[in-house]
>>> print(open('protein_17.tsv').read())   # TSV, C-alpha atoms
chain	number	residue	atom	x	y	z
A	1	MET	CA	17.88	12.67	-9.85
A	2	ILE	CA	17.98	9.33	-7.99
A	3	TYR	CA	14.48	8.37	-6.91
A	4	LEU	CA	14.31	5.94	-3.98
A	5	ASP	CA	10.83	6.83	-2.71
A	6	ASN	CA	8.64	4.48	-4.75
A	7	ASN	CA	6.41	3.55	-1.81
A	8	ALA	CA	5.25	7.18	-1.82
A	9	THR	CA	4.55	7.20	-5.54
A	10	THR	CA	6.01	5.81	-8.74
A	11	ARG	CA	7.04	7.16	-12.10
A	12	MET	CA	4.24	6.68	-14.61
A	13	HIS	CA	5.03	4.32	-17.46
A	14	THR	CA	5.17	6.09	-20.84
A	15	GLU	CA	2.71	3.49	-22.18
A	16	VAL	CA	0.24	4.49	-19.45
A	17	PHE	CA	0.44	8.17	-20.37
A	18	ASP	CA	0.04	7.39	-24.08
A	19	ALA	CA	-3.08	5.31	-23.38
A	20	MET	CA	-4.62	8.10	-21.29
A	21	LYS	CA	-4.12	10.98	-23.73
A	22	PRO	CA	-6.98	10.22	-26.16
A	23	PHE	CA	-9.47	10.17	-23.27
A	24	LEU	CA	-8.34	13.60	-22.10
A	25	ILE	CA	-8.87	15.31	-25.44
A	26	GLY	CA	-10.52	13.49	-28.36
A	27	GLN	CA	-12.44	10.60	-26.83
A	28	PHE	CA	-13.87	12.69	-24.02
A	29	GLY	CA	-17.33	11.10	-23.84
A	30	ASN	CA	-19.20	10.33	-20.64
A	31	PRO	CA	-19.35	6.52	-20.26
A	32	SER	CA	-23.00	6.80	-19.19
A	33	SER	CA	-23.99	8.35	-22.54
A	34	VAL	CA	-25.56	6.12	-25.19
A	35	HIS	CA	-23.97	7.80	-28.21
A	36	ARG	CA	-20.78	6.56	-29.87
A	37	LEU	CA	-18.42	8.85	-27.96
A	38	GLY	CA	-19.92	7.74	-24.66
A	39	GLN	CA	-19.80	4.07	-25.58
A	40	GLU	CA	-16.13	4.34	-26.58
A	41	ALA	CA	-15.45	5.61	-23.07
A	42	ARG	CA	-17.58	2.80	-21.59
A	43	GLN	CA	-15.67	0.15	-23.50
A	44	ALA	CA	-12.36	1.63	-22.31
A	45	VAL	CA	-13.52	1.59	-18.67
A	46	GLU	CA	-14.66	-2.03	-18.93
A	47	GLN	CA	-11.40	-3.07	-20.59
A	48	ALA	CA	-9.52	-1.50	-17.68
A	49	ARG	CA	-11.77	-3.34	-15.24
A	50	TYR	CA	-10.70	-6.66	-16.77
A	51	GLN	CA	-7.04	-5.62	-16.64
A	52	VAL	CA	-7.22	-4.68	-12.95
A	53	ALA	CA	-9.13	-7.86	-12.14
A	54	ALA	CA	-6.43	-9.91	-13.87
A	55	LEU	CA	-3.71	-8.31	-11.73
A	56	LEU	CA	-5.68	-9.15	-8.58
A	57	GLY	CA	-6.70	-12.65	-9.59
A	58	GLY	CA	-10.37	-11.73	-9.45
A	59	ALA	CA	-13.37	-11.18	-11.68
A	60	ALA	CA	-14.11	-7.92	-13.49
A	61	ALA	CA	-17.54	-7.72	-11.85
A	62	GLU	CA	-15.84	-7.51	-8.45
A	63	ILE	CA	-13.89	-4.32	-9.27
A	64	VAL	CA	-15.15	-0.87	-8.23
A	65	PHE	CA	-13.04	2.10	-9.34
A	66	THR	CA	-12.31	4.78	-6.73
A	67	SER	CA	-10.29	7.98	-6.40
A	68	GLY	CA	-7.40	6.04	-4.84
A	69	GLY	CA	-6.34	3.68	-2.09
A	70	THR	CA	-7.56	5.90	0.73
A	71	GLU	CA	-11.11	6.03	-0.61
A	72	ALA	CA	-11.03	2.30	-1.27
A	73	ASP	CA	-9.99	1.58	2.33
A	74	ILE	CA	-12.61	3.94	3.77
A	75	ALA	CA	-15.34	2.56	1.53
A	76	ALA	CA	-14.43	-1.00	2.53
A	77	ILE	CA	-14.60	-0.23	6.24
A	78	MET	CA	-17.60	2.09	6.33
A	79	GLY	CA	-19.57	0.02	3.82
A	80	THR	CA	-19.04	-3.16	5.83
A	81	VAL	CA	-19.93	-1.75	9.24
A	82	ALA	CA	-23.01	0.02	7.79
A	83	ALA	CA	-24.27	-3.37	6.65
A	84	ARG	CA	-23.72	-4.89	10.14
A	85	PRO	CA	-25.29	-2.46	12.63
A	86	ASP	CA	-25.72	-5.21	15.22
A	87	LYS	CA	-21.94	-5.65	15.64
A	88	ARG	CA	-19.74	-2.92	17.19
A	89	THR	CA	-16.16	-4.22	17.19
A	90	ILE	CA	-13.41	-3.95	14.56
A	91	VAL	CA	-10.11	-5.82	14.73
A	92	THR	CA	-6.99	-4.40	13.09
A	93	SER	CA	-3.21	-4.35	13.49
A	94	ALA	CA	-1.10	-1.77	15.32
A	95	VAL	CA	0.80	-0.82	12.14
A	96	GLU	CA	-1.90	0.14	9.63
A	97	HIS	CA	-1.72	3.02	7.16
A	98	SER	CA	-3.40	6.27	8.21
A	99	ALA	CA	-6.22	5.68	5.71
A	100	VAL	CA	-7.35	2.78	7.89
A	101	ARG	CA	-6.03	4.07	11.19
A	102	GLU	CA	-7.78	7.46	11.06
A	103	THR	CA	-11.04	5.90	9.88
A	104	LEU	CA	-11.00	3.58	12.87
A	105	HIS	CA	-10.15	6.47	15.22
A	106	HIS	CA	-13.28	8.21	13.90
A	107	LEU	CA	-15.40	5.12	14.52
A	108	ALA	CA	-13.94	4.79	18.04
A	109	ARG	CA	-15.15	8.31	18.80
A	110	THR	CA	-18.67	7.28	17.79
A	111	GLY	CA	-18.79	4.26	20.07
A	112	TRP	CA	-17.08	1.48	18.15
A	113	LYS	CA	-14.63	-0.79	19.95
A	114	ILE	CA	-11.30	-1.01	18.08
A	115	VAL	CA	-8.98	-3.90	18.93
A	116	GLU	CA	-5.37	-3.47	17.77
A	117	ILE	CA	-3.32	-6.64	17.39
A	118	PRO	CA	0.35	-6.09	18.33
A	119	VAL	CA	3.42	-6.93	16.26
A	120	ASP	CA	6.85	-8.09	17.40
A	121	ASN	CA	10.15	-6.25	16.94
A	122	LEU	CA	10.34	-7.46	13.32
A	123	GLY	CA	6.84	-6.23	12.52
A	124	ARG	CA	5.27	-9.71	12.49
A	125	LEU	CA	1.64	-10.02	13.58
A	126	ASP	CA	0.79	-11.76	16.86
A	127	PHE	CA	-1.38	-14.64	15.58
A	128	ASN	CA	-2.33	-15.84	19.05
A	129	ALA	CA	-3.73	-12.41	19.91
A	130	LEU	CA	-5.50	-12.26	16.56
A	131	ALA	CA	-7.13	-15.65	16.99
A	132	GLU	CA	-8.35	-14.68	20.45
A	133	ALA	CA	-9.74	-11.32	19.29
A	134	LEU	CA	-11.69	-12.91	16.44
A	135	LYS	CA	-13.60	-15.13	18.87
A	136	ASP	CA	-15.61	-12.09	20.02
A	137	PRO	CA	-19.09	-12.45	18.45
A	138	THR	CA	-19.43	-8.65	18.18
A	139	VAL	CA	-16.62	-8.35	15.59
A	140	ALA	CA	-17.97	-6.79	12.40
A	141	LEU	CA	-14.70	-6.65	10.44
A	142	LEU	CA	-11.02	-7.54	10.41
A	143	THR	CA	-8.97	-4.98	8.49
A	144	VAL	CA	-5.24	-5.50	7.89
A	145	MET	CA	-2.60	-4.48	5.36
A	146	TRP	CA	-0.76	-6.96	3.17
A	147	ALA	CA	2.56	-5.08	2.90
A	148	ASN	CA	3.62	-2.39	5.34
A	149	ASN	CA	4.23	0.96	3.69
A	150	GLU	CA	7.18	1.84	5.97
A	151	THR	CA	9.04	-1.43	6.41
A	152	GLY	CA	7.78	-3.55	3.51
A	153	VAL	CA	6.98	-6.39	5.94
A	154	LEU	CA	4.41	-8.82	4.55
A	155	PHE	CA	1.60	-10.20	6.67
A	156	ASP	CA	0.58	-13.80	5.99
A	157	VAL	CA	-2.80	-12.89	4.49
A	158	PRO	CA	-3.86	-16.46	3.58
A	159	ALA	CA	-3.31	-17.54	7.20
A	160	ILE	CA	-5.05	-14.41	8.50
A	161	GLY	CA	-7.94	-15.09	6.13
A	162	ALA	CA	-8.24	-18.66	7.36
A	163	LEU	CA	-8.60	-17.42	10.96
A	164	ALA	CA	-11.22	-14.87	9.95
A	165	LYS	CA	-13.16	-17.37	7.88
A	166	LYS	CA	-13.17	-19.86	10.76
A	167	GLN	CA	-14.92	-17.28	12.96
A	168	GLY	CA	-17.17	-15.93	10.18
A	169	VAL	CA	-15.53	-12.47	10.31
A	170	PRO	CA	-15.31	-10.42	7.08
A	171	LEU	CA	-11.77	-9.56	5.98
A	172	HIS	CA	-10.63	-6.32	4.35
A	173	VAL	CA	-7.06	-6.19	3.05
A	174	ASP	CA	-5.22	-2.95	2.28
A	175	ALA	CA	-3.07	-4.19	-0.62
A	176	VAL	CA	-1.90	-0.75	-1.77
A	177	GLN	CA	1.78	-1.59	-1.20
A	178	ALA	CA	1.43	-5.21	-2.31
A	179	ALA	CA	-0.23	-4.88	-5.73
A	180	GLY	CA	2.34	-5.15	-8.49
A	181	LYS	CA	5.00	-6.47	-6.09
A	182	ILE	CA	3.62	-9.90	-5.14
A	183	PRO	CA	1.09	-12.22	-6.81
A	184	ILE	CA	-2.45	-11.70	-5.50
A	185	GLN	CA	-5.33	-14.17	-5.77
A	186	PHE	CA	-8.49	-12.36	-4.71
A	187	SER	CA	-11.00	-14.95	-5.92
A	188	PRO	CA	-9.43	-18.20	-7.13
A	189	SER	CA	-10.74	-19.31	-10.52
A	190	GLY	CA	-13.08	-22.23	-10.31
A	191	ALA	CA	-13.61	-21.73	-6.59
A	192	LEU	CA	-17.07	-21.99	-5.16
A	193	ARG	CA	-18.77	-18.70	-4.39
A	194	GLY	CA	-17.59	-17.38	-1.03
A	195	GLU	CA	-14.50	-19.60	-0.89
A	196	SER	CA	-11.94	-16.76	-0.99
A	197	PRO	CA	-10.73	-15.70	2.48
A	198	ILE	CA	-10.62	-12.04	1.38
A	199	ASP	CA	-13.89	-10.13	1.14
A	200	LEU	CA	-12.57	-6.68	0.21
A	201	LEU	CA	-9.20	-5.55	-1.16
A	202	ALA	CA	-7.95	-2.00	-1.84
A	203	ILE	CA	-5.28	-0.84	-4.30
A	204	SER	CA	-3.99	2.42	-5.77
A	205	ALA	CA	-2.75	2.94	-9.35
A	206	HIS	CA	0.13	5.30	-8.60
A	207	LYS	CA	1.89	2.68	-6.51
A	208	PHE	CA	2.50	0.52	-9.61
A	209	HIS	CA	3.39	3.15	-12.24
A	210	GLY	CA	-0.15	4.30	-12.97
A	211	PRO	CA	-1.71	7.76	-12.53
A	212	LYS	CA	-2.51	9.43	-9.24
A	213	GLY	CA	-6.12	9.94	-8.25
A	214	VAL	CA	-7.46	6.52	-9.20
A	215	GLY	CA	-7.70	3.24	-7.31
A	216	ALA	CA	-9.95	0.24	-6.95
A	217	LEU	CA	-11.84	-1.74	-4.36
A	218	ALA	CA	-12.41	-5.42	-5.08
A	219	ILE	CA	-15.60	-6.68	-3.42
A	220	ARG	CA	-16.28	-10.40	-3.29
A	221	ARG	CA	-19.42	-11.37	-5.16
A	222	GLY	CA	-22.35	-11.77	-2.77
A	223	PHE	CA	-20.65	-9.90	0.06
A	224	ARG	CA	-23.00	-7.75	2.17
A	225	TRP	CA	-21.79	-4.15	1.83
A	226	GLN	CA	-23.23	-0.63	1.45
A	227	PRO	CA	-21.86	2.03	-0.94
A	228	LEU	CA	-20.00	5.01	0.49
A	229	PHE	CA	-20.98	7.31	-2.42
A	230	ARG	CA	-24.53	7.37	-3.72
A	231	GLY	CA	-26.15	9.55	-6.35
A	232	GLY	CA	-25.85	7.68	-9.62
A	233	PRO	CA	-25.89	4.25	-11.30
A	234	GLN	CA	-22.16	4.21	-12.00
A	235	GLU	CA	-20.03	1.20	-11.00
A	236	HIS	CA	-23.21	-0.89	-10.86
A	237	GLU	CA	-24.59	1.48	-8.19
A	238	ARG	CA	-21.59	0.87	-5.93
A	239	ARG	CA	-20.02	4.32	-6.41
A	240	GLY	CA	-21.98	7.26	-7.75
A	241	GLY	CA	-20.31	9.88	-9.92
A	242	THR	CA	-18.99	10.11	-13.46
A	243	GLU	CA	-15.98	7.84	-13.89
A	244	ASN	CA	-12.45	9.23	-14.27
A	245	VAL	CA	-12.10	7.61	-17.67
A	246	ALA	CA	-8.53	8.66	-18.47
A	247	GLY	CA	-7.32	7.69	-15.00
A	248	ILE	CA	-9.11	4.34	-15.14
A	249	VAL	CA	-7.66	3.61	-18.58
A	250	GLY	CA	-4.20	4.44	-17.24
A	251	MET	CA	-4.74	2.20	-14.24
A	252	GLY	CA	-5.75	-0.64	-16.52
A	253	VAL	CA	-2.61	-0.38	-18.63
A	254	ALA	CA	-0.43	-0.08	-15.52
A	255	ALA	CA	-2.12	-3.17	-14.07
A	256	ALA	CA	-1.50	-5.15	-17.27
A	257	MET	CA	2.16	-4.12	-17.26
A	258	ALA	CA	2.50	-4.99	-13.57
A	259	ALA	CA	0.98	-8.42	-14.19
A	260	LYS	CA	3.43	-9.01	-17.05
A	261	ALA	CA	6.38	-7.95	-14.87
A	262	LEU	CA	5.23	-10.27	-12.06
A	263	SER	CA	5.13	-13.18	-14.51
A	264	ASN	CA	8.88	-12.71	-15.02
A	265	PRO	CA	10.69	-13.76	-11.80
A	266	GLN	CA	13.80	-11.89	-12.96
A	267	HIS	CA	12.01	-8.56	-12.63
A	268	THR	CA	11.33	-8.75	-8.89
A	269	ALA	CA	14.64	-10.57	-8.33
A	270	GLU	CA	16.59	-7.69	-9.87
A	271	VAL	CA	14.77	-5.09	-7.76
A	272	ALA	CA	15.48	-7.21	-4.68
A	273	ARG	CA	19.17	-7.49	-5.65
A	274	LEU	CA	19.47	-3.71	-5.87
A	275	ARG	CA	17.66	-3.33	-2.54
A	276	ASP	CA	20.01	-5.84	-0.92
A	277	GLN	CA	23.08	-4.17	-2.46
A	278	LEU	CA	21.99	-0.83	-1.01
A	279	GLU	CA	21.24	-2.37	2.36
A	280	SER	CA	24.48	-4.34	2.69
A	281	GLY	CA	26.54	-1.40	1.43
A	282	ILE	CA	25.05	0.89	4.06
A	283	ARG	CA	25.65	-1.59	6.87
A	284	ALA	CA	29.26	-2.10	5.74
A	285	ALA	CA	30.08	1.59	5.42
A	286	ILE	CA	28.07	3.18	8.25
A	287	THR	CA	28.29	2.22	11.90
A	288	ASP	CA	25.14	1.95	14.00
A	289	ALA	CA	22.85	1.36	11.00
A	290	HIS	CA	19.96	-0.99	11.82
A	291	ILE	CA	17.48	-2.75	9.52
A	292	ASN	CA	13.90	-2.27	10.76
A	293	GLY	CA	11.56	-5.11	9.85
A	294	ASP	CA	11.56	-8.79	8.97
A	295	PRO	CA	14.24	-9.36	6.30
A	296	ALA	CA	12.79	-12.77	5.45
A	297	ASN	CA	9.21	-11.62	4.73
A	298	ARG	CA	8.96	-8.32	2.89
A	299	VAL	CA	8.31	-6.90	-0.55
A	300	CYS	CA	11.23	-6.88	-2.94
A	301	ASN	CA	11.75	-3.14	-3.14
A	302	THR	CA	11.76	-1.81	0.45
A	303	THR	CA	14.29	-1.37	3.22
A	304	ASN	CA	13.86	0.72	6.36
A	305	ILE	CA	17.17	1.61	7.99
A	306	GLY	CA	17.59	3.38	11.30
A	307	PHE	CA	20.73	5.51	11.67
A	308	ALA	CA	21.15	5.58	15.42
A	309	GLY	CA	21.57	8.93	17.15
A	310	LEU	CA	20.54	11.00	14.13
A	311	GLU	CA	17.37	12.70	12.95
A	312	ALA	CA	15.65	11.50	9.79
A	313	GLU	CA	14.73	15.02	8.71
A	314	ALA	CA	18.38	16.14	8.63
A	315	ILE	CA	19.41	13.06	6.65
A	316	LEU	CA	16.65	13.59	4.07
A	317	LEU	CA	17.54	17.27	3.61
A	318	LEU	CA	21.17	16.42	2.88
A	319	LEU	CA	20.18	13.57	0.58
A	320	SER	CA	17.93	15.97	-1.32
A	321	GLN	CA	20.87	18.34	-1.78
A	322	HIS	CA	22.56	15.48	-3.63
A	323	ASP	CA	19.39	14.88	-5.72
A	324	ILE	CA	18.54	11.67	-3.91
A	325	CYS	CA	14.90	11.17	-2.90
A	326	ALA	CA	13.95	8.97	0.05
A	327	SER	CA	11.50	9.31	2.94
A	328	ALA	CA	11.38	9.04	6.70
A	329	GLY	CA	10.12	6.35	8.98
A	330	ALA	CA	8.92	9.22	11.15
A	331	ALA	CA	6.23	11.88	10.92
A	332	CYS	CA	6.29	15.47	12.04
A	333	SER	CA	3.77	16.00	14.82
A	334	SER	CA	3.12	19.16	16.82
A	335	GLY	CA	6.37	20.70	15.66
A	336	SER	CA	8.58	17.84	16.86
A	337	LEU	CA	9.90	14.87	14.93
A	338	GLU	CA	8.52	11.70	16.48
A	339	PRO	CA	9.01	8.08	15.46
A	340	SER	CA	6.10	6.69	13.48
A	341	HIS	CA	3.43	4.54	15.07
A	342	VAL	CA	4.79	1.60	13.05
A	343	LEU	CA	8.26	1.76	14.60
A	344	ARG	CA	6.79	2.41	18.05
A	345	ALA	CA	4.57	-0.67	17.70
A	346	MET	CA	7.70	-2.67	16.81
A	347	HIS	CA	9.42	-1.34	19.94
A	348	ILE	CA	12.35	0.00	17.93
A	349	PRO	CA	14.69	1.92	20.31
A	350	GLU	CA	14.13	5.67	20.21
A	351	ARG	CA	17.71	6.45	19.15
A	352	VAL	CA	17.24	4.18	16.11
A	353	ALA	CA	13.64	5.10	15.28
A	354	HIS	CA	14.36	8.85	15.15
A	355	GLY	CA	16.87	8.27	12.37
A	356	ALA	CA	14.81	5.80	10.33
A	357	ILE	CA	14.89	6.25	6.55
A	358	ARG	CA	12.82	4.29	4.07
A	359	PHE	CA	14.44	3.50	0.75
A	360	SER	CA	11.99	2.05	-1.81
A	361	LEU	CA	13.06	1.09	-5.31
A	362	SER	CA	11.39	0.21	-8.61
A	363	GLY	CA	12.30	-1.36	-11.93
A	364	TYR	CA	13.47	2.06	-13.09
A	365	ASN	CA	16.35	2.06	-10.59
A	366	THR	CA	19.82	0.97	-11.71
A	367	ARG	CA	23.02	-0.29	-10.15
A	368	ALA	CA	24.47	3.17	-10.78
A	369	ASP	CA	21.72	4.70	-8.63
A	370	VAL	CA	22.61	2.41	-5.74
A	371	GLU	CA	26.35	3.04	-6.12
A	372	GLU	CA	25.83	6.80	-6.07
A	373	ALA	CA	23.65	6.57	-2.97
A	374	LEU	CA	26.30	4.46	-1.26
A	375	HIS	CA	28.92	7.04	-2.22
A	376	VAL	CA	26.92	9.91	-0.74
A	377	LEU	CA	25.44	8.37	2.41
A	378	PRO	CA	28.66	7.81	4.42
A	379	GLU	CA	29.67	11.42	3.83
A	380	ILE	CA	26.28	12.62	5.04
A	381	MET	CA	26.42	10.48	8.19
A	382	GLU	CA	29.94	11.60	9.00
A	383	ARG	CA	28.95	15.22	8.57
A	384	LEU	CA	25.87	14.89	10.77
A	385	ARG	CA	27.68	13.01	13.50
A	386	ARG	CA	30.27	15.77	13.70
A	387	VAL	CA	27.49	18.29	14.22
A	388	LEU	CA	25.12	16.05	16.17
A	389	PRO	CA	27.18	13.59	18.24
A	390	VAL	CA	25.56	10.21	18.81
A	391	ALA	CA	23.62	10.17	22.08
>>> encode(input="protein_17.tsv", output="structure tokens")
Amino acid sequence: MIYLDNNATTRMHTEVFDAMKPFLIGQFGNPSSVHRLGQEARQAVEQARYQVAALLGGAAAEIVFTSGGTEADIAAIMGTVAARPDKRTIVTSAVEHSAVRETLHHLARTGWKIVEIPVDNLGRLDFNALAEALKDPTVALLTVMWANNETGVLFDVPAIGALAKKQGVPLHVDAVQAAGKIPIQFSPSGALRGESPIDLLAISAHKFHGPKGVGALAIRRGFRWQPLFRGGPQEHERRGGTENVAGIVGMGVAAAMAAKALSNPQHTAEVARLRDQLESGIRAAITDAHINGDPANRVCNTTNIGFAGLEAEAILLLLSQHDICASAGAACSSGSLEPSHVLRAMHIPERVAHGAIRFSLSGYNTRADVEEALHVLPEIMERLRRVLPVA
């Protein structure tokens, strides 16, 4: 099996699984209990909190554990707007993940004004439009992603944060696809309180070789915010409910391993080399293959390639028959395959967007994986173009 769908989820590190096992069976205590078994669980949760904070360049006290990136994004948005009832506008980008996008659609139906900032054909944010939108005194929140889940394109978050800070607008960053792939500095050490341009930041463990079902929301100290889940004193009263101890422990170990990998430039460079080898090999062997996104500003592991005149679903089915896993830059809607909102926002031509495939690698991928994919892909395209001639 050749797995090239790491933006969907990643293979769990063996070390992560080994760390989790004791807290699933033997050390099963509730971290809110005062007895020894409970306090062992509490110590494990707090150790993981420090490990996650270290990956994000923040403080342990700023970390709130959640059920994943989606909950973290929703909690960031809903908790911020609940604390600012006098403001009724939210600014975002046109290419956000559905966790943010659907939450904002819900708020729009209840009377909130949602302002979407456009991107260009490479997926780069329109900074002039952003600066203008942030001048509105009714803006309660700016919410943007750091790395796009479909194209890998990176937004310039420090520059975005500077614009938001200038206008006094809180900033939430969806860093689900960025954590473990680029260095993050949530709250610079030694900085004065409130100096960081990011107020809230969301991540998910299974995107950097941790377990599914656990994530974290970093909340800047002193930031005005209301909890999404109430009902208990857990997470310093910021998220009620008994903690997922095993999952949190696994996330902590995965975060520590991700931080170590990021400290070695060769790690990300090798993933990028494999990505580039796959990309250049496809373009050399397959006509009408187009790279979607900014090649100069993206995470090291992602390429989105549109095969003009073909349908992504057909390509993925044939790839799967060869035990190659990838995903589409399109989503099935109402029974018909339509280009994703990301590619539409980038104004990618329909004949290219319909055949968009996302290949996302990890440190577990090898040169042999890429060579096998490059061996199989031209055959698949030739076969499909015989059956489905290019429009």
>>> residues_around(input="protein_17.tsv", residues="Thr138 of chain A", least_positions_apart="5", cutoff="12 Å", atoms="all atoms listed in the file", output="list of chain:residue names")
A:Val81, A:Arg84, A:Pro85, A:Asp86, A:Lys87, A:Arg88, A:Thr89, A:Ile90, A:Val91, A:Trp112, A:Lys113, A:Ile114, A:Val115, A:Ala133, A:Gln167, A:Gly168, A:Val169, A:Pro170
>>> closest_residue(input="protein_17.tsv", among="A:Pro158, A:Gly57, A:Gly68, A:Pro183", to="Pro197 of chain A", atoms="only C-alpha atoms")
A:Pro158
>>> atom_distance(input="protein_17.tsv", atom1="atom CA of Ile74 of chain A", atom2="atom CA of Gly215 of chain A")
12.1 Å
>>> atom_distance(input="protein_17.tsv", atom1="atom CA of Ala272 of chain A", atom2="atom CA of Lys212 of chain A")
24.9 Å
>>> residues_around(input="protein_17.tsv", residues="segment 243-255 of chain A", least_positions_apart="3", cutoff="7 Å", atoms="all atoms listed in the file", output="list in words")
Val16, Phe17, Ala19, Met20, Phe23, Leu24, Ala41, Ala44, Val45, Ala48, Arg49, Gln51, Val52, Leu55, Ala205, Phe208, His209, Gly210, Pro211, Val214, Ala258 and Ala259 of chain A
>>> atom_distance(input="protein_17.tsv", atom1="atom CA of Leu228 of chain A", atom2="atom CA of Thr110 of chain A")
17.5 Å
>>> closest_residue(input="protein_17.tsv", among="A:Ile77, A:Leu104, A:Thr242, A:Ala256", to="His172 of chain A", atoms="all atoms listed in the file")
A:Ile77
>>> closest_residue(input="protein_17.tsv", among="A:Tyr50, A:Phe307, A:Phe229, A:Phe359", to="Ser67 of chain A", atoms="only C-alpha atoms")
A:Phe229
>>> closest_residue(input="protein_17.tsv", among="A:Glu311, A:Glu382, A:Glu46, A:Asp294", to="Leu154 of chain A", atoms="all atoms listed in the file")
A:Asp294
>>> closest_residue(input="protein_17.tsv", among="A:Gln277, A:Ala76, A:Ser32, A:His354", to="Asp369 of chain A", atoms="all atoms listed in the file")
A:Gln277
>>> axis_aligned_box(input="protein_17.tsv", around="segment 337-341 of chain A", padding_each_side="3 Å", output="lines of an AutoDock Vina configuration file")
center_x = 6.7
center_y = 9.7
center_z = 15.0
size_x = 12.5
size_y = 16.3
size_z = 9.0
>>> closest_residue(input="protein_17.tsv", among="A:Pro188, A:Leu217, A:Glu270, A:Ile305", to="Glu235 of chain A", atoms="all atoms listed in the file")
A:Leu217
>>> residues_around(input="protein_17.tsv", residues="Gln226 of chain A", least_positions_apart="4", cutoff="8 Å", atoms="only C-alpha atoms", output="ChimeraX atom specification")
/A:78-80,82-83,238
>>> residues_around(input="protein_17.tsv", residues="Arg298 of chain A", least_positions_apart="4", cutoff="9 Å", atoms="only C-alpha atoms", output="number ranges by chain")
A: 147-148, 151-155, 293-294, 302-303
>>> residues_around(input="protein_17.tsv", residues="Val119 of chain A", least_positions_apart="6", cutoff="8 Å", atoms="only C-alpha atoms", output="ChimeraX atom specification")
/A:93-95,125-126,345-346
>>> residues_near_point(input="protein_17.tsv", point="(-12.0, -12.6, -8.8)", cutoff="7 Å", atoms="only C-alpha atoms", output="ChimeraX atom specification")
/A:53,57-60,62,186-188
>>> build_atoms(input="protein_17.tsv", residues="segment 101-116 of chain A", atoms="N, CA and C atoms", output="PDB file, in the coordinates of the input")
ATOM      1  N   ARG A 101      -6.205   3.670   9.787  1.00  0.00           N
ATOM      2  CA  ARG A 101      -6.030   4.070  11.190  1.00  0.00           C
ATOM      3  C   ARG A 101      -6.941   5.242  11.571  1.00  0.00           C
ATOM      4  N   GLU A 102      -6.969   6.278  10.743  1.00  0.00           N
ATOM      5  CA  GLU A 102      -7.780   7.460  11.060  1.00  0.00           C
ATOM      6  C   GLU A 102      -9.276   7.163  10.934  1.00  0.00           C
ATOM      7  N   THR A 103      -9.634   6.303  10.000  1.00  0.00           N
ATOM      8  CA  THR A 103     -11.040   5.900   9.880  1.00  0.00           C
ATOM      9  C   THR A 103     -11.495   5.177  11.136  1.00  0.00           C
ATOM     10  N   LEU A 104     -10.653   4.311  11.660  1.00  0.00           N
ATOM     11  CA  LEU A 104     -11.000   3.580  12.870  1.00  0.00           C
ATOM     12  C   LEU A 104     -11.006   4.493  14.097  1.00  0.00           C
ATOM     13  N   HIS A 105     -10.108   5.486  14.127  1.00  0.00           N
ATOM     14  CA  HIS A 105     -10.150   6.470  15.220  1.00  0.00           C
ATOM     15  C   HIS A 105     -11.493   7.208  15.217  1.00  0.00           C
ATOM     16  N   HIS A 106     -11.977   7.542  14.016  1.00  0.00           N
ATOM     17  CA  HIS A 106     -13.280   8.210  13.900  1.00  0.00           C
ATOM     18  C   HIS A 106     -14.385   7.307  14.434  1.00  0.00           C
ATOM     19  N   LEU A 107     -14.367   6.044  14.055  1.00  0.00           N
ATOM     20  CA  LEU A 107     -15.400   5.120  14.520  1.00  0.00           C
ATOM     21  C   LEU A 107     -15.319   4.927  16.037  1.00  0.00           C
ATOM     22  N   ALA A 108     -14.102   4.934  16.580  1.00  0.00           N
ATOM     23  CA  ALA A 108     -13.940   4.790  18.040  1.00  0.00           C
ATOM     24  C   ALA A 108     -14.612   5.945  18.769  1.00  0.00           C
ATOM     25  N   ARG A 109     -14.532   7.140  18.163  1.00  0.00           N
ATOM     26  CA  ARG A 109     -15.150   8.310  18.800  1.00  0.00           C
ATOM     27  C   ARG A 109     -16.674   8.243  18.751  1.00  0.00           C
ATOM     28  N   THR A 110     -17.214   7.414  17.890  1.00  0.00           N
ATOM     29  CA  THR A 110     -18.670   7.280  17.790  1.00  0.00           C
ATOM     30  C   THR A 110     -19.178   5.994  18.446  1.00  0.00           C
ATOM     31  N   GLY A 111     -18.328   5.376  19.262  1.00  0.00           N
ATOM     32  CA  GLY A 111     -18.790   4.260  20.070  1.00  0.00           C
ATOM     33  C   GLY A 111     -18.322   2.885  19.652  1.00  0.00           C
ATOM     34  N   TRP A 112     -17.573   2.779  18.566  1.00  0.00           N
ATOM     35  CA  TRP A 112     -17.080   1.480  18.150  1.00  0.00           C
ATOM     36  C   TRP A 112     -15.889   1.051  19.009  1.00  0.00           C
ATOM     37  N   LYS A 113     -15.785  -0.234  19.249  1.00  0.00           N
ATOM     38  CA  LYS A 113     -14.630  -0.790  19.950  1.00  0.00           C
ATOM     39  C   LYS A 113     -13.596  -1.220  18.908  1.00  0.00           C
ATOM     40  N   ILE A 114     -12.377  -0.678  19.017  1.00  0.00           N
ATOM     41  CA  ILE A 114     -11.300  -1.010  18.080  1.00  0.00           C
ATOM     42  C   ILE A 114     -10.255  -1.832  18.820  1.00  0.00           C
ATOM     43  N   VAL A 115      -9.973  -3.021  18.321  1.00  0.00           N
ATOM     44  CA  VAL A 115      -8.980  -3.900  18.930  1.00  0.00           C
ATOM     45  C   VAL A 115      -7.753  -3.950  18.020  1.00  0.00           C
ATOM     46  N   GLU A 116      -6.615  -3.469  18.537  1.00  0.00           N
ATOM     47  CA  GLU A 116      -5.370  -3.470  17.770  1.00  0.00           C
ATOM     48  C   GLU A 116      -4.515  -4.666  18.148  1.00  0.00           C
TER      49      GLU A 116
END
